[in-house]
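A.B. asks: Quick one: this structure, given as structure tokens, is what I'll be asking you about.
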Amino acid sequence: DLSYSFCTLLEKKMARRVGWFLQRRLLSEASNANHQPKALAAKAEIDNYCGSTQNWSDPWTPCLTKHPPTPLELGDTVSWSSIGHSVIEQCNQLIMAKERFTEVMEVRQRIEDCLKEQLSEREFKLFTFGSCMSGLSTQASDLDLSIMRYDQNGKSLNPVTRDEMVTHLNDYEMMLQRAGFTHLKQIPARVPILRREGPEGVNFDITLFFHGVRNSLLLREYARSCPYFMPMSITLREWTKYIGITNSAGGFLTPYCINIMIIKYIIHEISNSYQVKIPPLLPPAYYPTYPSQYLSPPWEMVKREKMFVKSLGVHIAGFLRFYACFPYLEKVISAADPIFDERSVSPLWSENKSDVIIEEMFSQQDQSLPIPNMAQKVDSMKLLSIREKLVYSYFHVLKSGSLPADPDNQASKKWSPSMEKKQLFGFH
């Protein structure tokens with residue numbers, strides 16, 4: 001009873017701090033129809049909310065009484081192109097260079113050659129997955145690999161139980177050590193991993209799970225079909241990590257969740273035409289084992305065409321507002337058709353009581369997936385923390401043209417590079 005009373009008091013306190021979130025559905029059609037402030041009035045609202053950056057005492061706490069204006073309502077009162085240029089500049093510093101990509105693929109080839117020497121070539125396939133396959137890799141990205149083994153008839157020989165996986169990874173570790181690889185160790189995670197983690201060179205993870213391969217290929221299709229996906233993914237994945245929105249060990253989101261959220265935003269807010277149809281499940285033999293080419297950034301193709309840069313700035317801000325106001329208890333965040341994102345009509349989620357549901361991309365086709373809800377650890381208090389940071393960041397990016405750093409996270413301040421004497425993720 002005492003713990004219940006304490007939780008009730010805590011909930012009331014949090015409700016007062018972010019009452020506008022709990023009392024109103026900010027993105028309802030009726031609200032949008034009745035609330036059409038003029039651009040200058042909306043700009044004045046931002047100025048009154050933000051004030052001077054030097055005087056923010058608790059910058060993560062919103063104190064709004066009504067929903068924030070949309071980018072459309074703000075119009076040209078915000079320098080969207082400045083936001084877009086800063087994001088592109090940030091991506092140019094973060095994204096994996098073509099030379100580094102070549103170095104990573106050479107290490108992959110060494111690992112494959114090592115396995116071929118000690119296993120029959122027909123017995124296994126070495127799949128690349130993760131950011132190196134999806135085209136969303138940064139300079140700090142590791143190489144993610146999955147080993148799939150077969151008998152002469154094509155039947156899978158991959159281990160099923162966790163103990164079997166550990167035994168197989170022990171064998172692969174010895175093979176790689178004989179080939180000269182160092183700094184190898186097993187990570188006792190839910191799905192065991194063989195990791196190379198050294199002070200220099202290319203680090204890698206090896207698993208015996210295939211799900212990541214098809215997910216990475218689907219993300220690659222989004223990166224190729226929608227020019228906004230790559231810069232949004234690279235920027236927002238890094239930024240959310242440094243302000244504490246992505247931290248799976250702490251019960252928050254994962255970078256993979258951010259990618260699914262971006263896809264949902266693109267389909268819902270930009271254009272349904274960018275939606276990539278989730279393919280039917282296929283045996284591993286039908287999937288490519290490594291990326292056939294380096295995926296160049298889209299702004300290199302369009303030569304930083306002005307409308308692309310401006311639209312990118314609009315969509316970075318729009319993403320923040322979209323998820324600050326998202327009806328989490330009513331809808332699923334999914335890369336699937338938005339018509340079926342209501343929890344109440346989904347056979348998979350209608351009975352689920354999680355505060356946030358981020359659907360694994362193949363969960364509708366593959367019921368064997370171990371974690372179909374990628375955000376199942378995010379409880380109501382963590383969701384409030386995420387929303388606070390998103391709404392504050394929305395106002396900050398509108399006023400200053402940059403995403404904010406976490407004032408309590410010294411690493412985020414030091415990490416931010418500068419552009420025209422402005423920090424993309426820092427305070428001014």
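In the structure tokens, chains take letters A, B, ... by order of appearance, with residues numbered from 1 within each chain and ligands from 1 in the order shown.
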Can you check which residues of segment 238-356 of chain A DSSP gives as helix (DSSP H, G or I) on the backbone and send them as a PyMOL selection string?
C.D. replies: chain A and resi 238-243+248-250+255-270+272-274+284-286+298-302+306-324+338-340+343-345
A.B. asks: Nearest to Tyr274 of chain A: which of A:Ile371, A:Ile262, A:Leu384, A:Leu145 is it, counting only C-alpha atoms?
C.D. replies: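 Smallest distance to Tyr274 of chain A is found for A:Ile262.
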A.B. asks: Write out as a short mmCIF file (atom, residue, chain, number, x, y, z; two decimals) with N, CA and C atoms, in the first residue's frame each polymer residue whose atoms come within 12 Å of Leu157 of chain A, counting only C-alpha atoms; drop sequence neighbours fewer than 2 positions from it.
C.D. replies:
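Listed below is the output, around.cif:
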data_model
loop_
_atom_site.label_atom_id
_atom_site.label_comp_id
_atom_site.auth_asym_id
_atom_site.auth_seq_id
_atom_site.Cartn_x
_atom_site.Cartn_y
_atom_site.Cartn_z
N GLU A 123 29.37 -25.73 -46.74
CA GLU A 123 28.79 -25.93 -45.42
C GLU A 123 28.31 -24.65 -44.75
N PHE A 124 28.77 -23.49 -45.22
CA PHE A 124 28.45 -22.27 -44.49
C PHE A 124 28.30 -21.08 -45.44
N LYS A 125 27.65 -20.05 -44.91
CA LYS A 125 27.61 -18.74 -45.55
C LYS A 125 27.89 -17.68 -44.48
N ILE A 147 27.06 -16.25 -39.10
CA ILE A 147 27.50 -17.49 -39.76
C ILE A 147 26.32 -18.46 -39.80
N MET A 148 25.97 -18.91 -41.00
CA MET A 148 24.92 -19.91 -41.18
C MET A 148 25.54 -21.16 -41.76
N ARG A 149 25.26 -22.32 -41.15
CA ARG A 149 25.86 -23.59 -41.62
C ARG A 149 24.78 -24.55 -42.11
N TYR A 150 25.15 -25.36 -43.09
CA TYR A 150 24.22 -26.29 -43.73
C TYR A 150 24.90 -27.64 -43.93
N ASP A 151 24.06 -28.68 -44.10
CA ASP A 151 24.61 -29.98 -44.52
C ASP A 151 24.58 -30.05 -46.05
N GLN A 152 24.96 -31.17 -46.62
CA GLN A 152 25.05 -31.29 -48.08
C GLN A 152 23.69 -31.17 -48.76
N ASN A 153 22.61 -31.39 -48.02
CA ASN A 153 21.26 -31.28 -48.59
C ASN A 153 20.65 -29.90 -48.37
N GLY A 154 21.43 -28.97 -47.82
CA GLY A 154 20.94 -27.62 -47.61
C GLY A 154 20.18 -27.42 -46.31
N LYS A 155 20.14 -28.44 -45.44
CA LYS A 155 19.44 -28.32 -44.17
C LYS A 155 20.31 -27.55 -43.17
N PRO A 159 23.04 -23.99 -34.47
CA PRO A 159 22.56 -24.39 -33.14
C PRO A 159 21.25 -23.68 -32.79
N VAL A 160 20.48 -24.33 -31.94
CA VAL A 160 19.18 -23.78 -31.54
C VAL A 160 19.24 -23.25 -30.12
N GLU A 164 24.38 -24.56 -27.14
CA GLU A 164 24.93 -24.98 -28.44
C GLU A 164 25.60 -23.81 -29.16
N MET A 165 24.99 -22.64 -29.06
CA MET A 165 25.59 -21.46 -29.69
C MET A 165 26.95 -21.15 -29.09
N HIS A 168 29.54 -23.57 -30.46
CA HIS A 168 29.93 -23.26 -31.83
C HIS A 168 30.83 -22.03 -31.89
N LEU A 208 25.12 -16.18 -34.52
CA LEU A 208 24.60 -17.32 -35.28
C LEU A 208 23.11 -17.13 -35.52
#
A.B. asks: When you look at segment 381-383 of chain A with a cut-off of 8 Å (counting only C-alpha atoms), what residues show up, excluding the ones that are within fewer than 5 positions of it in the same chain? I need them as a list in words.
C.D. replies: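 The residues satisfying every condition are Gly251, Phe252, Asp355 and Val356 of chain A.
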A.B. asks: Could you write out that same residue set with C-alpha atoms as a tab-separated table (two decimals), in the first residue's frame?
C.D. replies:
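Written out: out36.tsv:
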chain	number	residue	atom	x	y	z
A	251	GLY	CA	15.75	0.45	-20.34
A	252	PHE	CA	15.45	3.09	-23.07
A	355	ASP	CA	3.60	1.86	-22.72
A	356	VAL	CA	5.45	1.91	-26.05
A.B. asks: I'd like the neighbourhood of segment 210-227 of chain A as a ChimeraX atom specification, where a residue qualifies if any of its atoms comes within 9 Å (using only C-alpha atoms), though same-chain residues fewer than 5 positions away should be ignored.
C.D. replies: /A:127-136,145-148,259-260,263,266,274-279,281,284,287-289,291,295,297-299,308,360-362,369
A.B. asks: Using only C-alpha atoms, find the one residue out of A:Arg196, A:Leu282, A:Arg108, A:Ser334 that sits nearest to Asp366 of chain A.
C.D. replies: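 Among A:Arg196, A:Leu282, A:Arg108, A:Ser334, it is A:Leu282 that comes nearest to Asp366 of chain A.
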A.B. asks: With only C-alpha atoms as the atoms that count, which of A:Thr235, A:Ser271, A:Asn203, A:Ser385 lies nearest to Ile83 of chain A?
C.D. replies: A:Thr235
A.B. asks: Taking only C-alpha atoms into account, which of A:Ile111, A:Ile316, A:Leu253, A:Ala336 comes nearest Phe204 of chain A?
C.D. replies: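 The shortest atom-to-atom distance to Phe204 of chain A comes from A:Ile111.
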A.B. asks: For atom CA of Glu238 of chain A and atom CA of Pro255 of chain A, determine how far apart the two atoms are, in Å to one decimal place.
C.D. replies: 8.3 Å
A.B. asks: Residues of segment 155-219 of chain A in strand (DSSP E) according to DSSP, as a PyMOL selection string?
C.D. replies: chain A and resi 184-187+193-196+204-207
A.B. asks: Which neighbours of Thr182 of chain A fall inside 12 Å, counting only C-alpha atoms, when residues of the same chain fewer than 5 positions from it are skipped, and could you give them as a list in words?
C.D. replies: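 So, after excluding close chain neighbours, the residues are Glu173, Met174, Met175, Leu176, Gln177, Leu194, Arg195, Arg196, Glu197, Gly198, Pro199, Glu200, Gly201, Val202, Asn203 and Phe204 of chain A.
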A.B. asks: Filtering to all heavy atoms, could you give me those residues as a CSV table (one decimal), in the first residue's frame?
C.D. replies:
chain,number,residue,atom,x,y,z
A,173,GLU,N,36.1,-19.1,-32.5
A,173,GLU,CA,37.1,-18.3,-31.9
A,173,GLU,C,38.5,-19.0,-32.1
A,173,GLU,O,39.4,-18.3,-32.4
A,173,GLU,CB,36.8,-18.2,-30.4
A,173,GLU,CG,37.8,-17.3,-29.6
A,173,GLU,CD,37.4,-17.1,-28.2
A,173,GLU,OE1,36.4,-17.7,-27.7
A,173,GLU,OE2,38.1,-16.3,-27.5
A,174,MET,N,38.5,-20.3,-31.9
A,174,MET,CA,39.8,-20.9,-32.1
A,174,MET,C,40.3,-20.9,-33.5
A,174,MET,O,41.5,-20.7,-33.8
A,174,MET,CB,39.7,-22.4,-31.6
A,174,MET,CG,39.7,-22.5,-30.1
A,174,MET,SD,39.7,-24.2,-29.5
A,174,MET,CE,38.1,-24.9,-30.0
A,175,MET,N,39.4,-21.0,-34.5
A,175,MET,CA,39.7,-20.9,-35.9
A,175,MET,C,40.3,-19.5,-36.2
A,175,MET,O,41.3,-19.4,-36.9
A,175,MET,CB,38.5,-21.1,-36.8
A,175,MET,CG,37.9,-22.5,-36.7
A,175,MET,SD,36.4,-22.6,-37.8
A,175,MET,CE,35.7,-24.2,-37.3
A,176,LEU,N,39.7,-18.5,-35.7
A,176,LEU,CA,40.1,-17.1,-36.0
A,176,LEU,C,41.5,-16.8,-35.3
A,176,LEU,O,42.3,-16.1,-35.8
A,176,LEU,CB,39.1,-16.1,-35.5
A,176,LEU,CG,37.8,-16.1,-36.3
A,176,LEU,CD1,36.7,-15.2,-35.7
A,176,LEU,CD2,38.0,-15.7,-37.8
A,177,GLN,N,41.7,-17.4,-34.1
A,177,GLN,CA,42.9,-17.2,-33.4
A,177,GLN,C,44.1,-17.8,-34.2
A,177,GLN,O,45.2,-17.3,-34.3
A,177,GLN,CB,42.9,-17.8,-32.0
A,177,GLN,CG,42.1,-16.9,-31.0
A,177,GLN,CD,41.9,-17.6,-29.7
A,177,GLN,OE1,42.0,-18.8,-29.5
A,177,GLN,NE2,41.6,-16.8,-28.7
A,194,LEU,N,30.4,-13.5,-30.4
A,194,LEU,CA,31.9,-13.5,-30.4
A,194,LEU,C,32.4,-12.2,-30.9
A,194,LEU,O,32.0,-11.8,-32.0
A,194,LEU,CB,32.4,-14.7,-31.4
A,194,LEU,CG,33.9,-14.7,-31.6
A,194,LEU,CD1,34.6,-14.9,-30.2
A,194,LEU,CD2,34.3,-15.8,-32.5
A,195,ARG,N,33.1,-11.5,-30.1
A,195,ARG,CA,33.5,-10.1,-30.4
A,195,ARG,C,35.0,-9.9,-30.5
A,195,ARG,O,35.7,-10.5,-29.7
A,195,ARG,CB,32.9,-9.2,-29.3
A,195,ARG,CG,33.3,-7.7,-29.4
A,195,ARG,CD,32.5,-6.8,-28.5
A,195,ARG,NE,31.1,-6.8,-28.9
A,195,ARG,CZ,30.1,-6.3,-28.2
A,195,ARG,NH1,30.4,-5.7,-27.0
A,195,ARG,NH2,28.9,-6.3,-28.6
A,196,ARG,N,35.4,-9.2,-31.5
A,196,ARG,CA,36.8,-8.7,-31.5
A,196,ARG,C,36.8,-7.2,-31.1
A,196,ARG,O,36.1,-6.4,-31.8
A,196,ARG,CB,37.3,-8.8,-33.0
A,196,ARG,CG,38.8,-8.7,-33.1
A,196,ARG,CD,39.3,-7.2,-33.3
A,196,ARG,NE,40.7,-7.1,-33.4
A,196,ARG,CZ,41.4,-6.0,-33.4
A,196,ARG,NH1,40.8,-4.8,-33.5
A,196,ARG,NH2,42.7,-6.0,-33.4
A,197,GLU,N,37.4,-6.9,-30.1
A,197,GLU,CA,37.4,-5.5,-29.5
A,197,GLU,C,38.9,-5.1,-29.2
A,197,GLU,O,39.3,-5.4,-28.1
A,197,GLU,CB,36.5,-5.4,-28.3
A,197,GLU,CG,36.2,-4.0,-27.9
A,197,GLU,CD,35.1,-4.0,-26.8
A,197,GLU,OE1,35.0,-4.9,-26.1
A,197,GLU,OE2,34.3,-3.0,-26.8
A,198,GLY,N,39.5,-4.6,-30.2
A,198,GLY,CA,40.9,-4.2,-30.0
A,198,GLY,C,41.1,-2.7,-30.0
A,198,GLY,O,40.2,-1.9,-30.4
A,199,PRO,N,42.3,-2.2,-29.6
A,199,PRO,CA,42.6,-0.7,-29.6
A,199,PRO,C,42.7,-0.1,-31.0
A,199,PRO,O,42.5,1.1,-31.2
A,199,PRO,CB,43.9,-0.6,-28.9
A,199,PRO,CG,44.6,-2.0,-29.1
A,199,PRO,CD,43.5,-3.0,-29.2
A,200,GLU,N,42.9,-0.9,-32.0
A,200,GLU,CA,43.0,-0.4,-33.4
A,200,GLU,C,42.6,-1.5,-34.4
A,200,GLU,O,42.3,-2.6,-34.0
A,200,GLU,CB,44.5,0.0,-33.7
A,200,GLU,CG,45.5,-1.1,-33.4
A,200,GLU,CD,46.9,-0.5,-33.6
A,200,GLU,OE1,47.2,0.6,-33.2
A,200,GLU,OE2,47.8,-1.3,-34.1
A,201,GLY,N,42.4,-1.1,-35.6
A,201,GLY,CA,41.9,-2.0,-36.6
A,201,GLY,C,40.4,-2.1,-36.6
A,201,GLY,O,39.7,-1.2,-36.0
A,202,VAL,N,39.9,-3.0,-37.3
A,202,VAL,CA,38.4,-3.2,-37.5
A,202,VAL,C,37.9,-4.2,-36.4
A,202,VAL,O,38.3,-5.3,-36.4
A,202,VAL,CB,38.0,-3.7,-38.9
A,202,VAL,CG1,36.5,-3.9,-39.0
A,202,VAL,CG2,38.5,-2.7,-39.9
A,203,ASN,N,37.0,-3.7,-35.6
A,203,ASN,CA,36.3,-4.6,-34.6
A,203,ASN,C,35.1,-5.2,-35.2
A,203,ASN,O,34.5,-4.7,-36.1
A,203,ASN,CB,36.0,-3.8,-33.3
A,203,ASN,CG,37.2,-3.4,-32.6
A,203,ASN,OD1,38.2,-4.1,-32.5
A,203,ASN,ND2,37.1,-2.2,-32.0
A,204,PHE,N,34.7,-6.4,-34.7
A,204,PHE,CA,33.6,-7.1,-35.3
A,204,PHE,C,32.8,-7.9,-34.3
A,204,PHE,O,33.4,-8.3,-33.2
A,204,PHE,CB,34.0,-8.0,-36.5
A,204,PHE,CG,35.0,-9.0,-36.2
A,204,PHE,CD1,34.8,-10.2,-35.6
A,204,PHE,CD2,36.4,-8.7,-36.6
A,204,PHE,CE1,35.8,-11.1,-35.4
A,204,PHE,CE2,37.4,-9.6,-36.4
A,204,PHE,CZ,37.1,-10.8,-35.7
A.B. asks: State, in Å with one decimal place, the distance from atom CA of Phe326 of chain A to atom CA of Glu388 of chain A.
C.D. replies: 12.5 Å
A.B. asks: Please provide as a ChimeraX atom specification all residues within 12 Å of Pro372 of chain A, with the sequence filter that same-chain residues fewer than 2 positions apart are discarded (counting only C-alpha atoms).
C.D. replies: /A:211,257,332-334,348-349,352,357-370,374-376
A.B. asks: Which residue out of A:Met105, A:Leu72, A:Met96, A:Cys114 has the minimum interatomic distance to Ser137 of chain A when only C-alpha atoms are used?
C.D. replies: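 Under the stated criterion, the closest residue is A:Met96.
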A.B. asks: Go ahead and compute the interatomic distance for atom CA of Ser346 of chain A and atom CA of Glu330 of chain A, in Å to one decimal.
C.D. replies: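 Interatomic distance, atom CA of Ser346 of chain A to atom CA of Glu330 of chain A: 10.9 Å.
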